[in-house]
$ cat query.cif   # mmCIF, C-alpha atoms
data_final
loop_
_atom_site.label_atom_id
_atom_site.label_comp_id
_atom_site.auth_asym_id
_atom_site.auth_seq_id
_atom_site.Cartn_x
_atom_site.Cartn_y
_atom_site.Cartn_z
CA MET A 1284 9.75 -26.58 -54.08
CA HIS A 1285 13.06 -24.99 -53.17
CA LEU A 1286 13.10 -21.25 -53.00
CA ASN A 1287 16.78 -20.49 -53.26
CA TYR A 1288 16.50 -18.67 -56.55
CA SER A 1289 18.50 -15.55 -57.17
CA GLU A 1290 16.92 -12.52 -58.79
CA GLU A 1291 18.96 -13.27 -61.93
CA GLN A 1292 17.79 -16.90 -62.13
CA LEU A 1293 14.19 -15.85 -61.69
CA CYS A 1294 14.48 -13.21 -64.39
CA LYS A 1295 15.88 -15.80 -66.79
CA MET A 1296 12.96 -18.09 -66.01
CA VAL A 1297 10.48 -15.27 -66.52
CA LYS A 1298 11.90 -14.49 -69.97
CA ASN A 1299 11.63 -18.09 -71.13
CA PRO A 1300 7.97 -18.79 -72.05
CA LYS A 1301 8.38 -22.48 -71.14
CA GLU A 1302 9.56 -21.60 -67.65
CA GLN A 1303 7.16 -18.74 -66.89
CA GLU A 1304 4.64 -21.00 -65.16
CA GLY A 1305 7.35 -22.36 -62.88
CA ALA A 1306 8.73 -18.88 -62.26
CA PHE A 1307 5.30 -17.73 -61.16
CA LYS A 1308 5.05 -20.56 -58.62
CA VAL A 1309 8.43 -19.62 -57.17
CA ILE A 1310 7.48 -15.93 -57.06
CA LEU A 1311 4.26 -16.83 -55.28
CA LYS A 1312 6.07 -18.84 -52.62
CA MET A 1313 8.84 -16.30 -52.22
CA TYR A 1314 6.81 -13.13 -51.93
CA GLN A 1315 3.35 -13.99 -50.61
CA GLU A 1316 4.23 -13.54 -46.94
CA GLN A 1317 6.14 -10.29 -47.43
CA LEU A 1318 3.40 -8.85 -49.58
CA TYR A 1319 0.73 -9.98 -47.15
CA SER A 1320 2.48 -8.14 -44.32
CA LEU A 1321 2.92 -5.00 -46.42
CA ILE A 1322 -0.68 -4.89 -47.64
CA ARG A 1323 -2.09 -5.81 -44.24
CA ARG A 1324 -0.31 -2.86 -42.67
CA MET A 1325 -1.81 -0.56 -45.29
CA VAL A 1326 -5.41 -1.72 -45.12
CA ASN A 1327 -5.71 -3.11 -41.57
CA SER A 1328 -8.15 -5.91 -42.43
CA HIS A 1329 -7.37 -9.50 -43.31
CA GLU A 1330 -10.27 -9.83 -45.76
CA ASP A 1331 -9.25 -6.72 -47.70
CA THR A 1332 -5.63 -7.87 -47.66
CA ASP A 1333 -6.70 -11.21 -49.10
CA ASP A 1334 -8.56 -9.50 -51.98
CA ILE A 1335 -5.69 -7.18 -52.79
CA LEU A 1336 -3.10 -9.97 -52.58
CA GLN A 1337 -5.13 -12.14 -54.97
CA ASN A 1338 -5.46 -9.26 -57.45
CA THR A 1339 -1.75 -8.58 -57.15
CA PHE A 1340 -0.74 -12.14 -57.98
CA LEU A 1341 -3.33 -12.40 -60.74
CA LYS A 1342 -1.75 -9.35 -62.35
CA VAL A 1343 1.72 -10.78 -61.86
CA TYR A 1344 0.56 -13.99 -63.58
CA ARG A 1345 -1.14 -12.16 -66.40
CA TYR A 1346 1.67 -9.72 -67.15
CA ILE A 1347 4.75 -11.68 -66.21
CA HIS A 1348 5.68 -12.03 -69.90
CA THR A 1349 5.83 -8.23 -70.18
CA PHE A 1350 8.45 -7.86 -67.45
CA GLU A 1351 11.38 -6.09 -69.11
CA HIS A 1352 13.96 -6.05 -66.32
CA LYS A 1353 13.98 -2.25 -66.18
CA SER A 1354 13.73 -2.63 -62.42
CA SER A 1355 14.31 -5.67 -60.24
CA LEU A 1356 11.64 -8.33 -60.31
CA TYR A 1357 10.98 -7.69 -56.64
CA THR A 1358 10.42 -3.97 -57.26
CA TRP A 1359 8.11 -4.78 -60.17
CA ILE A 1360 5.97 -7.10 -58.04
CA TYR A 1361 6.06 -4.70 -55.10
CA ARG A 1362 4.89 -1.88 -57.37
CA ILE A 1363 1.92 -3.93 -58.53
CA ALA A 1364 1.01 -4.59 -54.89
CA ILE A 1365 1.39 -0.91 -53.98
CA ASN A 1366 -0.75 0.21 -56.91
CA GLU A 1367 -3.44 -2.33 -56.09
CA THR A 1368 -3.44 -1.16 -52.46
CA LEU A 1369 -3.57 2.48 -53.48
CA GLY A 1370 -6.51 1.78 -55.75
CA PHE A 1371 -8.28 0.06 -52.88
CA LEU A 1372 -7.53 2.89 -50.43
CA GLU A 1373 -8.79 5.53 -52.84
CA GLN A 1374 -11.97 3.57 -53.44
CA GLN A 1375 -12.41 3.04 -49.71
CA LYS A 1376 -11.89 6.74 -49.03
CA ALA A 1377 -14.62 7.62 -51.52
CA GLN A 1378 -17.03 5.15 -49.91
CA LYS A 1379 -16.12 6.36 -46.44
CA ARG A 1380 -16.93 9.95 -47.32
CA VAL A 1381 -20.52 8.92 -47.98
CA GLN A 1382 -20.86 7.00 -44.71
CA GLU A 1383 -18.82 9.43 -42.63
CA SER A 1384 -21.43 12.02 -41.79
CA ALA A 1385 -23.83 9.35 -40.50
CA THR A 1386 -21.37 7.52 -38.29
CA ARG A 1387 -18.94 10.21 -37.13
CA GLN A 1388 -20.66 11.01 -33.87
CA ALA A 1389 -21.08 7.39 -32.79
CA ASN A 1390 -17.46 6.55 -33.59
CA GLU A 1391 -16.04 9.47 -31.66
CA SER A 1392 -17.85 8.57 -28.44
CA TYR A 1393 -16.84 4.92 -28.85
CA HIS A 1394 -13.12 5.73 -29.29
CA TYR A 1395 -13.00 7.88 -26.20
CA GLU A 1396 -14.53 5.14 -24.11
CA VAL A 1397 -11.95 2.50 -25.06
CA GLN A 1398 -8.86 4.69 -24.78
CA THR A 1399 -6.61 4.30 -21.80
CA HIS A 1400 -3.62 6.40 -20.75
CA ASN A 1401 -0.89 4.08 -21.94
CA GLU A 1402 1.01 3.07 -25.06
CA GLU A 1403 -2.18 1.71 -26.51
CA LYS A 1404 -3.63 5.20 -26.47
CA ILE A 1405 -0.75 6.56 -28.53
CA TRP A 1406 -1.10 3.78 -31.10
CA SER A 1407 -4.84 4.20 -31.20
CA LEU A 1408 -4.56 7.97 -31.76
CA LEU A 1409 -1.79 7.48 -34.26
CA ASN A 1410 -3.90 5.00 -36.17
CA GLU A 1411 -6.84 7.34 -36.21
CA GLY A 1412 -4.59 10.15 -37.38
CA ILE A 1413 -3.19 7.99 -40.19
CA GLU A 1414 -6.71 7.14 -41.30
CA THR A 1415 -7.44 10.82 -41.88
CA LEU A 1416 -4.65 11.08 -44.48
CA PRO A 1417 -5.31 10.93 -48.21
CA ALA A 1418 -4.52 7.55 -49.78
CA ARG A 1419 -1.12 8.44 -51.28
CA GLN A 1420 0.07 10.28 -48.19
CA LYS A 1421 -1.03 7.37 -46.02
CA MET A 1422 0.96 5.03 -48.23
CA VAL A 1423 4.08 7.20 -48.03
CA PHE A 1424 3.76 7.53 -44.25
CA LYS A 1425 3.33 3.80 -43.67
CA LEU A 1426 6.14 2.81 -46.02
CA ARG A 1427 8.52 5.26 -44.35
CA TYR A 1428 7.50 4.89 -40.73
CA PHE A 1429 6.46 1.25 -40.36
CA GLU A 1430 8.38 -0.39 -43.22
CA LYS A 1431 11.40 1.88 -42.68
CA MET A 1432 11.79 2.11 -46.42
CA SER A 1433 14.39 4.49 -47.84
CA TYR A 1434 13.24 7.47 -49.90
CA THR A 1435 15.27 6.16 -52.83
CA GLU A 1436 13.37 2.89 -52.91
CA MET A 1437 10.04 4.60 -52.38
CA ALA A 1438 10.81 6.93 -55.30
CA ASP A 1439 11.52 3.92 -57.49
CA LEU A 1440 8.32 2.18 -56.41
CA LEU A 1441 5.93 5.09 -56.57
CA LYS A 1442 7.59 6.86 -59.51
CA VAL A 1443 7.76 10.13 -57.56
CA SER A 1444 10.82 12.24 -56.79
CA GLU A 1445 12.55 11.80 -53.43
CA GLY A 1446 11.96 15.47 -52.65
CA SER A 1447 8.22 15.23 -53.02
CA LEU A 1448 8.20 12.03 -50.95
CA LYS A 1449 10.03 13.79 -48.13
CA ALA A 1450 7.61 16.69 -48.35
CA SER A 1451 4.69 14.26 -48.35
CA PHE A 1452 6.02 12.43 -45.27
CA HIS A 1453 6.57 15.68 -43.37
CA HIS A 1454 3.13 16.91 -44.36
CA ALA A 1455 1.56 13.66 -43.16
CA LEU A 1456 3.40 13.93 -39.84
CA HIS A 1457 2.18 17.48 -39.40
CA LYS A 1458 -1.42 16.43 -40.06
CA ILE A 1459 -1.21 13.49 -37.66
CA SER A 1460 0.39 15.60 -34.94
CA THR A 1461 -2.33 18.28 -35.32
CA PHE A 1462 -4.98 15.57 -35.17
CA ILE A 1463 -3.51 14.03 -32.01
CA LYS A 1464 -3.19 17.44 -30.34
CA GLN A 1465 -6.83 18.22 -31.07
CA LYS A 1466 -7.95 14.85 -29.73
CA SER A 1467 -5.85 15.12 -26.58
CA GLU A 1468 -7.16 18.55 -25.60
CA MET B 478 15.51 -7.60 -52.14
CA LYS B 479 14.11 -4.70 -50.25
CA THR B 480 16.79 -2.26 -49.23
CA GLN B 481 16.32 -0.51 -45.94
CA GLU B 482 18.20 2.54 -44.87
CA PRO B 483 20.59 2.07 -41.98
CA LYS B 484 18.40 2.10 -38.88
CA ASN B 485 20.17 5.18 -37.49
CA GLU B 486 19.24 7.41 -40.41
CA TRP B 487 15.60 6.46 -40.07
CA GLU B 488 15.71 6.90 -36.31
CA GLU B 489 17.46 10.25 -36.57
CA GLU B 490 14.90 11.56 -39.04
CA ILE B 491 11.96 10.49 -36.87
CA LYS B 492 13.57 11.84 -33.69
CA GLU B 493 14.29 15.13 -35.39
CA ILE B 494 10.96 15.81 -37.01
CA ALA B 495 8.52 13.90 -34.75
CA PRO B 496 10.07 13.09 -31.38
CA TRP B 497 6.64 12.09 -30.09
CA LEU B 498 6.45 9.11 -32.47
CA PRO B 499 7.32 5.71 -30.92
CA LEU B 500 10.40 4.06 -32.44
CA ASN B 501 9.50 0.55 -31.43
CA GLY B 502 6.54 -1.47 -30.25
CA SER B 503 4.10 -4.08 -31.43
CA PHE B 504 3.05 -1.95 -34.40
CA PHE B 505 6.42 -2.52 -36.05
CA GLU B 506 6.13 -6.28 -35.93
CA LYS B 507 5.57 -8.12 -39.20
CA LYS B 508 1.89 -8.70 -39.88
CA GLU B 509 1.30 -12.44 -39.83
CA ALA B 510 -1.46 -14.15 -41.76
CA PRO B 511 -3.77 -16.59 -39.93
CA LYS B 512 -2.51 -20.18 -39.78
CA GLY B 513 -3.13 -22.16 -42.98
CA TYR B 514 -4.04 -19.02 -44.87
CA PHE B 515 -1.45 -19.35 -47.63
CA GLU B 516 -2.51 -22.92 -48.52
CA GLU B 517 -6.07 -21.67 -48.99
CA PHE B 518 -4.82 -18.59 -50.77
CA GLU B 519 -2.86 -20.64 -53.32
CA LYS B 520 -5.87 -22.88 -53.87
CA HIS B 521 -8.17 -19.93 -54.56
CA LEU B 522 -5.60 -18.27 -56.77
CA LYS B 523 -5.20 -21.46 -58.81
CA GLU B 524 -8.98 -21.56 -59.31
CA LYS B 525 -8.90 -18.01 -60.61
CA ILE B 526 -5.89 -18.62 -62.81
CA ASN B 527 -7.24 -21.75 -64.54
CA PRO B 528 -9.88 -19.92 -66.61
CA ILE B 529 -7.23 -17.40 -67.69
CA THR B 530 -4.92 -20.22 -68.78
CA LYS B 531 -7.71 -22.03 -70.63
CA LYS B 532 -8.79 -18.86 -72.35
CA GLY B 533 -5.20 -18.11 -73.27
CA SER B 534 -4.44 -21.62 -74.51
CA GLY B 535 -7.63 -21.63 -76.63
CA LEU B 536 -6.56 -18.46 -78.33
CA ILE B 537 -3.04 -19.78 -78.75
CA ARG B 538 -4.41 -22.93 -80.40
CA LEU B 539 -6.62 -20.89 -82.71
CA ARG B 540 -3.89 -18.46 -83.65
CA PRO B 541 -2.48 -20.44 -86.66
CA LEU B 542 -5.99 -21.13 -87.94
CA LEU B 543 -6.90 -17.45 -87.71
CA ALA B 544 -3.68 -16.50 -89.48
CA MET B 545 -4.39 -19.02 -92.26
CA ALA B 546 -7.95 -17.75 -92.67
CA ALA B 547 -6.72 -14.17 -92.84
CA GLY B 548 -4.09 -15.14 -95.42
CA PHE B 549 -6.65 -17.01 -97.50
CA LEU B 550 -9.04 -14.04 -97.47
CA LEU B 551 -6.20 -11.75 -98.47
CA LEU B 552 -5.28 -14.00 -101.42
CA ILE B 553 -8.92 -14.20 -102.52
CA SER B 554 -9.31 -10.42 -102.42
CA ILE B 555 -6.06 -9.88 -104.33
CA GLY B 556 -7.28 -12.45 -106.93
CA ILE B 557 -10.66 -10.74 -107.28
CA TYR B 558 -8.98 -7.35 -107.64
CA TYR B 559 -6.70 -8.53 -110.47
CA TRP B 560 -9.48 -10.45 -112.19
CA SER B 561 -11.77 -7.41 -112.18
CA ASN B 562 -8.92 -5.25 -113.56
CA VAL B 563 -8.16 -7.71 -116.34
CA THR B 564 -11.86 -7.98 -117.24
CA ALA B 565 -12.17 -4.21 -117.36
CA ASN B 566 -9.13 -3.97 -119.64
CA LYS B 567 -10.49 -6.72 -121.83
CA LYS B 568 -13.77 -4.83 -122.21
CA ASP B 569 -11.85 -1.71 -123.19
CA VAL B 570 -9.94 -3.66 -125.80
CA GLU B 571 -13.09 -5.24 -127.15
CA TYR B 572 -14.72 -1.85 -127.40
CA ASP B 573 -11.86 -0.35 -129.39
CA ILE B 574 -13.08 -0.94 -132.93
CA SER B 575 -9.71 -0.17 -134.41
CA THR B 576 -8.34 -3.43 -133.01
CA LEU B 577 -10.98 -5.54 -134.73
CA SER B 578 -10.52 -7.22 -138.05
CA THR B 579 -12.72 -6.09 -140.92
CA GLU B 580 -14.94 -9.18 -140.54
CA GLU B 581 -15.31 -8.71 -136.81
CA ALA B 582 -16.17 -5.03 -137.21
CA ALA B 583 -18.73 -5.81 -139.90
CA LEU B 584 -20.27 -8.44 -137.63
CA TRP B 585 -20.33 -6.08 -134.72
CA LEU B 586 -21.92 -3.28 -136.73
CA SER B 587 -24.54 -5.64 -138.09
CA GLU B 588 -25.41 -6.57 -134.48
CA GLU B 589 -26.07 -2.87 -133.81
CA ALA B 590 -23.40 -2.54 -131.21
CA ILE B 591 -23.36 0.83 -129.57
CA ILE B 592 -20.21 2.58 -130.65
CA SER B 593 -19.17 6.18 -130.63
CA GLU B 594 -19.23 8.28 -133.71
CA LEU B 595 -15.51 8.74 -133.44
CA ASP B 596 -14.96 4.98 -133.52
CA LEU B 597 -17.20 4.68 -136.54
CA GLN B 598 -15.40 7.50 -138.32
CA LEU B 599 -12.07 5.93 -137.51
CA TYR B 600 -13.22 2.63 -138.91
CA VAL B 601 -14.48 4.26 -142.07
CA ASP B 602 -11.20 6.15 -142.45
CA GLY B 603 -9.27 2.95 -141.70
CA MET B 604 -7.37 4.64 -138.86
CA THR B 605 -6.74 3.74 -135.25
CA LEU B 606 -7.03 6.12 -132.35
CA THR B 607 -3.25 5.99 -131.89
CA GLU B 608 -2.74 7.06 -135.46
CA LEU B 609 -5.26 9.88 -134.99
CA GLN B 610 -3.47 11.10 -131.86
CA LYS B 611 -0.16 11.16 -133.76
#
$ encode --input "query.cif" --output "structure tokens"
Amino acid sequence: MHLNYSEEQLCKMVKNPKEQEGAFKVILKMYQEQLYSLIRRMVNSHEDTDDILQNTFLKVYRYIHTFEHKSSLYTWIYRIAINETLGFLEQQKAQKRVQESATRQANESYHYEVQTHNEEKIWSLLNEGIETLPARQKMVFKLRYFEKMSYTEMADLLKVSEGSLKASFHHALHKISTFIKQKSE
Amino acid sequence: MKTQEPKNEWEEEIKEIAPWLPLNGSFFEKKEAPKGYFEEFEKHLKEKINPITKKGSGLIRLRPLLAMAAGFLLLISIGIYYWSNVTANKKDVEYDISTLSTEEAALWLSEEAIISELDLQLYVDGMTLTELQK
């Protein structure tokens, strides 16, 4: 299957009921790797990424006929993936809260044992700091910092104003920096 | 496709507000899936999609039949409605003694039909209700 379809060609295929099945196959081939990378960065585990990616493409398949070209097809698919990931993160956060009190002490001692004074330590602390953020803030931080996504595109994806995204990113940075300072003392 | 800001703007923002954050390193690399993952992924997805397609196609096949059944029921109910209206009107007409011929009225009275006193009076006076109202 060749994948040299333009956004316009794909949209035409999506609108034609006879071609929707084919359009879905192209979409799957074109976007599965990008979406895998995006989701994997958000949830950190391959198994969870697999679940979220499957749900994302199932939704794309189910609702492809409702796509109205108000945004680009890519943005539409990306938004489904982001919403699925956010749902997962929020659910995970709720589950974590229950387990947290029982495991906090053990985790803390373990992390300090494995840390070394090099780049790995920074990444490890950073990762821990990111994990303390609420789901939406974590998403904003990762999209901006790791994916280097512009505020304009994030606003389009998350349906939030650019101003509040900037504020959210700054707030996340402040929280992470406070967390790292506390851990380093 | 995904639009990224020019690298400098991103870098400048990070340097300005969080100079302690690394600007490069292994964390920025694209997250790769394990080898052969996407083949398996497509296979599993297809398995999940098939029931949806079957369910959908079943409904699509049944759609004209359901529409026909609904149309038929609608026609039947409209028919019943009109029939009951006509019957009711017919009963009214039959009950109005002024529309009967003398022989019919005599027959009816001899069968002890229940009629109002007004009807009886009208019959005796040889008048119809319309004439009375005038």
$ atom_distance --input "query.cif" --atom1 "atom CA of B:Ser503" --atom2 "atom CA of A:Phe1429"
10.7 Å
$ closest_atom_pairs --input "query.cif" --of "chain A" --to "chain B" --cutoff "7 Å" --atoms "all atoms listed in the file" --output "tab-separated table"
residue	atom	partner	partner_atom	distance
A:Ser1320	CA	B:Lys508	CA	4.5
A:Arg1323	CA	B:Lys508	CA	6.6
A:Arg1324	CA	B:Lys508	CA	6.8
A:Gln1337	CA	B:Leu522	CA	6.4
A:Tyr1357	CA	B:Met478	CA	6.4
A:Phe1429	CA	B:Phe505	CA	5.7
A:Lys1431	CA	B:Gln481	CA	6.4
A:Met1432	CA	B:Gln481	CA	5.3
A:Ser1433	CA	B:Glu482	CA	5.2
$ resolve_selection --input "query.cif" --expression "the PyMOL selection byres ((chain A and resi 1451) around 10)" --output "PyMOL selection string"
chain A and resi 1419-1424+1445-1450+1452-1457
$ atom_distance --input "query.cif" --atom1 "atom CA of A:Gly1305" --atom2 "atom CA of A:Gln1317"
19.6 Å
$ atom_distance --input "query.cif" --atom1 "atom CA of A:Arg1345" --atom2 "atom CA of A:Phe1307"
10.0 Å
$ closest_residue --input "query.cif" --among "A:Glu1436, A:Glu1403, A:Glu1468, A:Glu1367" --to "A:Thr1339" --atoms "all atoms listed in the file"
A:Glu1367
$ residues_around --input "query.cif" --residues "A:Ile1360" --least-positions-apart "4" --cutoff "8 Å" --atoms "all atoms listed in the file" --output "list in words"
Thr1339, Val1343, Leu1356 and Ala1364 of chain A
$ residues_around --input "query.cif" --residues "A:Ile1363" --least-positions-apart "4" --cutoff "12 Å" --atoms "only C-alpha atoms" --output "ChimeraX atom specification"
/A:1318,1322,1335-1347,1350,1356-1359,1367-1370,1440-1441
$ residues_around --input "query.cif" --residues "stretch 1372-1378 of chain A" --least-positions-apart "6" --cutoff "10 Å" --atoms "all atoms listed in the file" --output "list of chain:residue names"
A:Met1325, A:Val1326, A:Asn1366, A:Glu1414, A:Thr1415, A:Leu1416, A:Pro1417, A:Ala1418, A:Arg1419, A:Lys1421, A:Met1422
$ residues_near_point --input "query.cif" --point "(-0.7, 8.3, -30.3)" --cutoff "12 Å" --atoms "only C-alpha atoms" --output "count of residues only"
32
$ closest_residue --input "query.cif" --among "A:Lys1458, A:Arg1427, A:Glu1330, A:Tyr1288" --to "A:Met1313" --atoms "all atoms listed in the file"
A:Tyr1288
